[in-house]
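Chemist: Below: one structure in structure tokens.
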Amino acid sequence: MLYRARAFDTPDDPFDPATAGPGFRHDDDLGLLVSDDGVIRARGPFATVAAAHRDAAVIDLRAGLLLPGLVDTHVHFPQVRVIGALGMPLLEWLDRCALPEEQHLASPSYAATIAGEFVAGLVSAGTTTSLVFGSHFAPAVDALFAEAERYGLRMTSGLVVSDRMLPDPLLTTPQRAYDEALALASRWHGRERLRYAVTPRFSLSASDPVLAACRAVLDAVDGACFTSHVNENNAEVATVAGQFPDRAHYVDTYDHHALLGSFAVLAHNVHPTDPELAVMAARGTAVAYCPTSNAALGSGMFPLTRHLAAGVRVALGSDVGAGTGFSIFKEGLQAYFLQHLMGDEGMPLGAGHLLHLATAAGAAALGLGDTVGDLSEGKQFDALLLRPPPGTALDIGLRHADTPEAALGKVFALASDADVADVWVGGEQIASGGFVRPVTPRAPAGRRTPAG
Ligand SMILES: [Zn+2]
């Protein structure tokens, strides 16, 4: 297949002072040759690639704008129906909104319905790679993995574990946490594009024995990831300090159990101390920056400049359902707003920074930087085509943008799910014309949905 498109991506890190130019790569008439296994085999001006591969079928995408698939590094599977509950800080929002809904996933049929809604939400937003907070119920996590596999999504997720401070139905024991995680990982880890993530909810609700069980799962499952929450809200931070008097700080509650490394992503980190940033940098642990959630819950202003100065890797997360939707474009725009409002303490962000945070930085945070994140030769063809409906502000803006930078700025200012027309993962198209459907050949026998 030879794709012909106008395309943007960020193979070089625009936060690196050594990166010259606008911080992104733009091609007006790009040719991308994609082999049957979904790998980009050749890239260059369309005329050059077409001349070298005269037998390739050409798919002309010049009616839209091609971008790498978006990466969401923090999003909650059970919370799709609680998006939009505004006006509460974290702990009250958990009690009144998130945790009651999460208990409903004890029902496998309810969980399967939510899995369908959740995965469709990711695909509709153009999110092709994600690190997903699963459910406290193992059968619900099975339902999520099954649905992700049916679409061919690139997803890392796992059983959420806690043994205190949550409603009883959400609690487990260290032994059960270990056994259920191993069983889930044996079914899903490394299958298709799926990986397992060891996931204590946060150390506020996970005691030392549960965190030790999490380390045991990492030891038993080769290549598993780790994710949790940290330093989101001042009341949460104070509670954790009281629960772990022997730990140096919140980050140390995880680090004490050797849970941090380049395989780990911690969500939020709105209120880190410098020693915590130093530990995270030393371990290679990445942070999921969730700007709409931070604003919606009033959690605080994320210190992006301090993270980057300390050498901590950062990418974007939607944090559905405290975040206000699946769109990583919206998270990018909100990051731009909030960093701008922080004045001297904020990080000035251009369109190239936003695209990098939304794609390549996310892939790197999840250890997938060699596989996806941009449209370079050798990478998997994970991509989305933005094709705004005629007459919309984005359509008009893109047609009249006088520079590539202006066009990319309009994407982040204006793009929404409605503008994501086509989505590919590993060369397989999983949304077409804005219509989301599983890739038919991936549907396991007996679960195939009607084509269409
Ligand atoms: Zn979260």
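Letters for chains follow the order of the structure tokens (A, B, ...), residue numbers begin at 1 for each chain, and ligand numbers begin at 1 in the order shown.
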Could you list, as a VMD selection string, all the residues within 10 Å of ligand 1, counting only C-alpha atoms and all ligand atoms?

Modeler: chain A and resid 74 to 76 79 90 132 to 133 201 to 202 227 to 230 232 266 to 268 288 290 293 317 to 323

Chemist: Those same residues, written as a PDB file, in the first residue's frame with N, CA and C atoms?

Modeler:
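Result saved to again.pdb:
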```pdb
ATOM      1  N   HIS A  74      -2.778   7.802  30.250  1.00  0.00           N
ATOM      2  CA  HIS A  74      -3.519   7.602  31.506  1.00  0.00           C
ATOM      3  C   HIS A  74      -5.012   7.795  31.261  1.00  0.00           C
ATOM      4  N   VAL A  75      -5.758   6.697  31.313  1.00  0.00           N
ATOM      5  CA  VAL A  75      -7.190   6.764  31.057  1.00  0.00           C
ATOM      6  C   VAL A  75      -7.836   5.583  31.774  1.00  0.00           C
ATOM      7  N   HIS A  76      -9.025   5.835  32.392  1.00  0.00           N
ATOM      8  CA  HIS A  76      -9.672   4.808  33.223  1.00  0.00           C
ATOM      9  C   HIS A  76     -10.814   4.142  32.470  1.00  0.00           C
ATOM     10  N   GLN A  79     -14.616   4.436  33.812  1.00  0.00           N
ATOM     11  CA  GLN A  79     -15.150   5.768  34.110  1.00  0.00           C
ATOM     12  C   GLN A  79     -15.762   6.481  32.909  1.00  0.00           C
ATOM     13  N   LEU A  90     -10.499  15.870  44.230  1.00  0.00           N
ATOM     14  CA  LEU A  90     -10.251  14.450  43.953  1.00  0.00           C
ATOM     15  C   LEU A  90     -10.988  13.493  44.879  1.00  0.00           C
ATOM     16  N   VAL A 132      -3.993   1.940  30.071  1.00  0.00           N
ATOM     17  CA  VAL A 132      -5.347   2.046  30.612  1.00  0.00           C
ATOM     18  C   VAL A 132      -5.410   1.499  32.029  1.00  0.00           C
ATOM     19  N   PHE A 133      -5.926   2.320  32.942  1.00  0.00           N
ATOM     20  CA  PHE A 133      -6.278   1.826  34.266  1.00  0.00           C
ATOM     21  C   PHE A 133      -7.466   0.894  34.102  1.00  0.00           C
ATOM     22  N   ARG A 201      -3.972   1.050  42.750  1.00  0.00           N
ATOM     23  CA  ARG A 201      -4.707   2.286  42.449  1.00  0.00           C
ATOM     24  C   ARG A 201      -3.881   3.512  42.841  1.00  0.00           C
ATOM     25  N   PHE A 202      -3.479   3.601  44.069  1.00  0.00           N
ATOM     26  CA  PHE A 202      -2.483   4.549  44.574  1.00  0.00           C
ATOM     27  C   PHE A 202      -2.105   4.077  45.967  1.00  0.00           C
ATOM     28  N   THR A 227       1.919   0.993  36.530  1.00  0.00           N
ATOM     29  CA  THR A 227       1.345   2.343  36.571  1.00  0.00           C
ATOM     30  C   THR A 227       0.558   2.550  37.853  1.00  0.00           C
ATOM     31  N   SER A 228       0.513   3.805  38.295  1.00  0.00           N
ATOM     32  CA  SER A 228      -0.280   4.181  39.458  1.00  0.00           C
ATOM     33  C   SER A 228      -0.432   5.703  39.450  1.00  0.00           C
ATOM     34  N   HIS A 229      -0.993   6.221  40.550  1.00  0.00           N
ATOM     35  CA  HIS A 229      -1.141   7.673  40.706  1.00  0.00           C
ATOM     36  C   HIS A 229      -0.125   8.194  41.725  1.00  0.00           C
ATOM     37  N   VAL A 230       0.212   9.465  41.623  1.00  0.00           N
ATOM     38  CA  VAL A 230       1.086  10.078  42.629  1.00  0.00           C
ATOM     39  C   VAL A 230       0.870  11.593  42.680  1.00  0.00           C
ATOM     40  N   GLU A 232      -1.311  13.914  43.302  1.00  0.00           N
ATOM     41  CA  GLU A 232      -2.328  14.580  42.488  1.00  0.00           C
ATOM     42  C   GLU A 232      -2.947  15.760  43.227  1.00  0.00           C
ATOM     43  N   LEU A 266       3.752   7.123  36.141  1.00  0.00           N
ATOM     44  CA  LEU A 266       2.955   7.614  37.263  1.00  0.00           C
ATOM     45  C   LEU A 266       2.101   8.787  36.781  1.00  0.00           C
ATOM     46  N   ALA A 267       0.812   8.729  37.125  1.00  0.00           N
ATOM     47  CA  ALA A 267      -0.102   9.764  36.660  1.00  0.00           C
ATOM     48  C   ALA A 267      -0.110  10.959  37.605  1.00  0.00           C
ATOM     49  N   HIS A 268      -0.168  12.133  37.027  1.00  0.00           N
ATOM     50  CA  HIS A 268      -0.385  13.434  37.683  1.00  0.00           C
ATOM     51  C   HIS A 268       0.898  14.096  38.163  1.00  0.00           C
ATOM     52  N   ALA A 288       2.454  10.925  33.427  1.00  0.00           N
ATOM     53  CA  ALA A 288       1.307  11.248  32.585  1.00  0.00           C
ATOM     54  C   ALA A 288       0.732  12.585  33.048  1.00  0.00           C
ATOM     55  N   CYS A 290      -2.076  15.256  32.853  1.00  0.00           N
ATOM     56  CA  CYS A 290      -3.505  15.174  32.527  1.00  0.00           C
ATOM     57  C   CYS A 290      -4.150  16.541  32.748  1.00  0.00           C
ATOM     58  N   SER A 293      -8.077  17.079  33.544  1.00  0.00           N
ATOM     59  CA  SER A 293      -8.403  16.523  34.856  1.00  0.00           C
ATOM     60  C   SER A 293      -7.870  17.427  35.962  1.00  0.00           C
ATOM     61  N   GLY A 317      -2.088  12.445  29.183  1.00  0.00           N
ATOM     62  CA  GLY A 317      -3.141  11.482  29.485  1.00  0.00           C
ATOM     63  C   GLY A 317      -4.468  12.203  29.561  1.00  0.00           C
ATOM     64  N   SER A 318      -5.530  11.533  29.149  1.00  0.00           N
ATOM     65  CA  SER A 318      -6.863  12.163  29.209  1.00  0.00           C
ATOM     66  C   SER A 318      -7.449  12.063  30.609  1.00  0.00           C
ATOM     67  N   ASP A 319      -7.030  11.061  31.386  1.00  0.00           N
ATOM     68  CA  ASP A 319      -7.617  10.781  32.697  1.00  0.00           C
ATOM     69  C   ASP A 319      -9.136  10.780  32.670  1.00  0.00           C
ATOM     70  N   VAL A 320      -9.735  10.265  31.595  1.00  0.00           N
ATOM     71  CA  VAL A 320     -11.167   9.943  31.666  1.00  0.00           C
ATOM     72  C   VAL A 320     -11.373   9.015  32.861  1.00  0.00           C
ATOM     73  N   GLY A 321     -12.388   9.282  33.734  1.00  0.00           N
ATOM     74  CA  GLY A 321     -13.423  10.245  33.626  1.00  0.00           C
ATOM     75  C   GLY A 321     -13.272  11.526  34.409  1.00  0.00           C
ATOM     76  N   ALA A 322     -12.165  11.796  35.158  1.00  0.00           N
ATOM     77  CA  ALA A 322     -12.006  13.131  35.719  1.00  0.00           C
ATOM     78  C   ALA A 322     -11.650  14.099  34.605  1.00  0.00           C
ATOM     79  N   GLY A 323     -10.878  13.647  33.625  1.00  0.00           N
ATOM     80  CA  GLY A 323     -10.639  14.429  32.422  1.00  0.00           C
ATOM     81  C   GLY A 323     -11.931  14.562  31.640  1.00  0.00           C
TER      82      GLY A 323
END
```

Chemist: As a PyMOL selection string, please: every residue in segment 111-193 of chain A that DSSP puts in strand (DSSP E or B).

Modeler: chain A and resi 127-133+154-158+160-161

Chemist: Would you write out those residues with C-alpha atoms, as a PDB file, in the first residue's frame?

Modeler:
```
ATOM      1  CA  THR A 127      -6.042   7.177  20.111  1.00  0.00           C
ATOM      2  CA  THR A 128      -4.200   4.118  18.813  1.00  0.00           C
ATOM      3  CA  THR A 129      -1.927   3.429  21.810  1.00  0.00           C
ATOM      4  CA  SER A 130      -2.964   3.660  25.443  1.00  0.00           C
ATOM      5  CA  LEU A 131      -2.017   2.805  29.000  1.00  0.00           C
ATOM      6  CA  VAL A 132      -5.347   2.046  30.612  1.00  0.00           C
ATOM      7  CA  PHE A 133      -6.278   1.826  34.266  1.00  0.00           C
ATOM      8  CA  ARG A 154      -2.298  -1.175  20.954  1.00  0.00           C
ATOM      9  CA  MET A 155      -3.188  -1.254  24.655  1.00  0.00           C
ATOM     10  CA  THR A 156      -1.467  -1.860  27.986  1.00  0.00           C
ATOM     11  CA  SER A 157      -3.727  -2.470  30.983  1.00  0.00           C
ATOM     12  CA  GLY A 158      -4.235  -4.567  34.077  1.00  0.00           C
ATOM     13  CA  VAL A 160      -6.440  -2.404  39.641  1.00  0.00           C
ATOM     14  CA  VAL A 161      -5.619  -3.500  43.199  1.00  0.00           C
TER      15      VAL A 161
END
```

Chemist: From the DSSP assignment of the backbone, select every residue of segment 211-442 of chain A that is alpha helix (DSSP H), and format the answer as a PyMOL selection string.

Modeler: chain A and resi 211-220+234-243+250-255+274-283+291-296+304-310+328-341+351-358+360-365+393-400+404-414

Chemist: Since we have the selection now, will you write its residues out, keeping C-alpha atoms, as a compact mmCIF listing (two decimals), in the first residue's frame?

Modeler:
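File written: selection.txt
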```txt
# COMPACT_ATOMS: atom_id res chain seq x y z
CA LEU A 211 2.68 -3.15 46.83
CA ALA A 212 5.03 -6.08 47.55
CA ALA A 213 2.62 -8.37 45.68
CA CYS A 214 2.76 -5.92 42.75
CA ARG A 215 6.55 -6.30 42.66
CA ALA A 216 6.14 -10.09 42.68
CA VAL A 217 3.87 -9.84 39.62
CA LEU A 218 6.48 -7.73 37.82
CA ASP A 219 9.06 -10.43 38.61
CA ALA A 220 6.78 -13.13 37.23
CA ASN A 234 -2.76 18.10 48.50
CA ALA A 235 -5.20 16.23 50.77
CA GLU A 236 -4.20 12.93 49.14
CA VAL A 237 -0.49 13.73 49.56
CA ALA A 238 -0.99 14.54 53.27
CA THR A 239 -2.94 11.30 53.84
CA VAL A 240 -0.25 9.18 52.20
CA ALA A 241 2.44 10.88 54.30
CA GLY A 242 0.53 9.82 57.44
CA GLN A 243 0.10 6.24 56.18
CA TYR A 250 5.07 9.69 48.18
CA VAL A 251 7.28 8.52 45.28
CA ASP A 252 9.26 6.46 47.78
CA THR A 253 6.15 4.44 48.69
CA TYR A 254 6.53 2.87 45.22
CA ASP A 255 10.29 3.07 44.91
CA ASP A 274 12.65 18.05 44.05
CA PRO A 275 13.90 14.82 45.69
CA GLU A 276 10.90 12.99 44.19
CA LEU A 277 11.69 14.32 40.72
CA ALA A 278 15.30 13.22 41.17
CA VAL A 279 14.20 9.66 42.02
CA MET A 280 11.87 9.51 39.03
CA ALA A 281 14.58 10.79 36.70
CA ALA A 282 17.11 8.30 38.07
CA ARG A 283 14.65 5.42 37.54
CA PRO A 291 -4.36 18.87 32.06
CA THR A 292 -8.18 18.78 31.81
CA SER A 293 -8.40 16.52 34.86
CA ASN A 294 -6.03 18.74 36.84
CA ALA A 295 -8.22 21.73 36.03
CA ALA A 296 -11.60 19.98 36.46
CA LEU A 304 6.21 20.83 33.44
CA THR A 305 9.31 23.02 33.50
CA ARG A 306 10.53 21.39 36.72
CA HIS A 307 9.94 17.90 35.31
CA LEU A 308 11.90 18.63 32.16
CA ALA A 309 14.69 20.37 34.07
CA ALA A 310 14.99 17.32 36.34
CA ILE A 328 -5.72 14.07 23.23
CA PHE A 329 -5.96 17.18 21.02
CA LYS A 330 -7.99 18.79 23.82
CA GLU A 331 -5.39 17.72 26.41
CA GLY A 332 -2.72 19.37 24.27
CA LEU A 333 -4.70 22.59 24.03
CA GLN A 334 -5.37 22.59 27.78
CA ALA A 335 -1.67 22.01 28.46
CA TYR A 336 -0.91 25.02 26.28
CA PHE A 337 -3.46 27.17 28.17
CA LEU A 338 -2.30 26.18 31.65
CA GLN A 339 1.41 26.45 30.96
CA HIS A 340 0.78 29.88 29.43
CA LEU A 341 -1.14 31.00 32.52
CA ALA A 351 2.32 23.36 18.03
CA GLY A 352 5.32 21.04 17.62
CA HIS A 353 5.56 20.56 21.39
CA LEU A 354 1.89 19.66 21.55
CA LEU A 355 2.13 17.11 18.73
CA HIS A 356 5.20 15.58 20.33
CA LEU A 357 3.51 15.30 23.75
CA ALA A 358 0.46 13.74 22.07
CA ALA A 360 6.11 10.41 20.24
CA ALA A 361 6.49 11.35 23.92
CA GLY A 362 3.63 8.99 24.80
CA ALA A 363 5.13 6.16 22.79
CA ALA A 364 8.47 6.69 24.54
CA ALA A 365 6.82 6.83 27.97
CA ALA A 393 -13.89 26.35 11.50
CA LEU A 394 -11.15 23.72 11.27
CA ASP A 395 -11.84 23.08 7.58
CA ILE A 396 -11.73 26.79 6.83
CA GLY A 397 -8.68 27.30 9.02
CA LEU A 398 -6.68 24.51 7.40
CA ARG A 399 -7.52 25.72 3.90
CA HIS A 400 -6.36 29.23 4.74
CA PRO A 404 2.57 24.56 8.37
CA GLU A 405 2.95 25.87 11.94
CA ALA A 406 -0.31 27.79 11.63
CA ALA A 407 -2.06 24.66 10.31
CA LEU A 408 -0.81 22.53 13.19
CA GLY A 409 -1.83 25.21 15.69
CA LYS A 410 -5.36 25.13 14.24
CA VAL A 411 -5.44 21.36 14.68
CA PHE A 412 -4.85 21.67 18.42
CA ALA A 413 -7.17 24.66 18.80
CA LEU A 414 -10.08 23.17 16.88
```

Chemist: For atom CA of Arg81 of chain A and atom CA of Ser107 of chain A, determine how far apart the two atoms are, in Å to one decimal place.

Modeler: 15.4 Å

Chemist: Expressed in Å to a single decimal, how great is the separation between atom CA of His256 of chain A and atom CA of His271 of chain A?

Modeler: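 About the pair atom CA of His256 of chain A and atom CA of His271 of chain A: they are 19.5 Å apart.
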
Chemist: Interatomic distance between atom CA of Asp344 of chain A and atom CA of Ala248 of chain A?

Modeler: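 Value for the atom CA of Asp344 of chain A-atom CA of Ala248 of chain A distance: 29.4 Å.
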
Chemist: Considering only C-alpha atoms, can you say which of A:Pro200, A:Pro174, A:Gly433, A:Gly311 comes closest to Ala286 of chain A?

Modeler: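 The answer is A:Gly311, which sits nearest to Ala286 of chain A.
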
Chemist: Which residues, written as a list of chain:residue names, have at least one atom at most 8 Å from His136 of chain A, with only C-alpha atoms counted and residues fewer than 2 positions away on the same chain left out?

Modeler: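 In the requested form, the answer reads A:Glu102, A:Gly134, A:Ala138, A:Ala140, A:Leu159, A:Val160, A:Val161, A:Leu170, A:Leu171.
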
Chemist: Would you write out those residues with N, CA and C atoms, as an mmCIF file, in the first residue's frame?

Modeler:
```cif
data_model
loop_
_atom_site.group_PDB
_atom_site.id
_atom_site.type_symbol
_atom_site.label_atom_id
_atom_site.label_comp_id
_atom_site.auth_asym_id
_atom_site.auth_seq_id
_atom_site.Cartn_x
_atom_site.Cartn_y
_atom_site.Cartn_z
ATOM 1 N N GLU A 102 -17.515 2.384 39.527
ATOM 2 C CA GLU A 102 -16.556 1.282 39.360
ATOM 3 C C GLU A 102 -17.068 -0.012 39.985
ATOM 4 N N GLY A 134 -7.283 -0.363 34.471
ATOM 5 C CA GLY A 134 -8.352 -1.347 34.273
ATOM 6 C C GLY A 134 -9.410 -1.242 35.351
ATOM 7 N N ALA A 138 -11.438 -8.813 37.945
ATOM 8 C CA ALA A 138 -10.692 -9.499 36.892
ATOM 9 C C ALA A 138 -11.553 -9.801 35.650
ATOM 10 N N ALA A 140 -13.883 -8.115 34.407
ATOM 11 C CA ALA A 140 -14.041 -6.858 33.664
ATOM 12 C C ALA A 140 -12.776 -6.539 32.876
ATOM 13 N N LEU A 159 -5.260 -5.347 36.084
ATOM 14 C CA LEU A 159 -6.168 -5.349 37.232
ATOM 15 C C LEU A 159 -5.748 -4.253 38.213
ATOM 16 N N VAL A 160 -6.718 -3.422 38.634
ATOM 17 C CA VAL A 160 -6.440 -2.404 39.641
ATOM 18 C C VAL A 160 -6.575 -3.053 41.023
ATOM 19 N N VAL A 161 -5.571 -2.841 41.894
ATOM 20 C CA VAL A 161 -5.619 -3.500 43.199
ATOM 21 C C VAL A 161 -5.499 -2.491 44.342
ATOM 22 N N LEU A 170 -14.441 -3.244 46.241
ATOM 23 C CA LEU A 170 -13.264 -2.929 45.421
ATOM 24 C C LEU A 170 -11.962 -3.416 46.069
ATOM 25 N N LEU A 171 -12.056 -4.020 47.237
ATOM 26 C CA LEU A 171 -10.840 -4.411 47.957
ATOM 27 C C LEU A 171 -10.447 -5.851 47.636
#
```

Chemist: Which residues are close to His26 of chain A, i.e. within 7 Å by only C-alpha atoms, leaving aside same-chain residues fewer than 4 positions away? Reply as a ChimeraX atom specification.

Modeler: /A:7-9,404
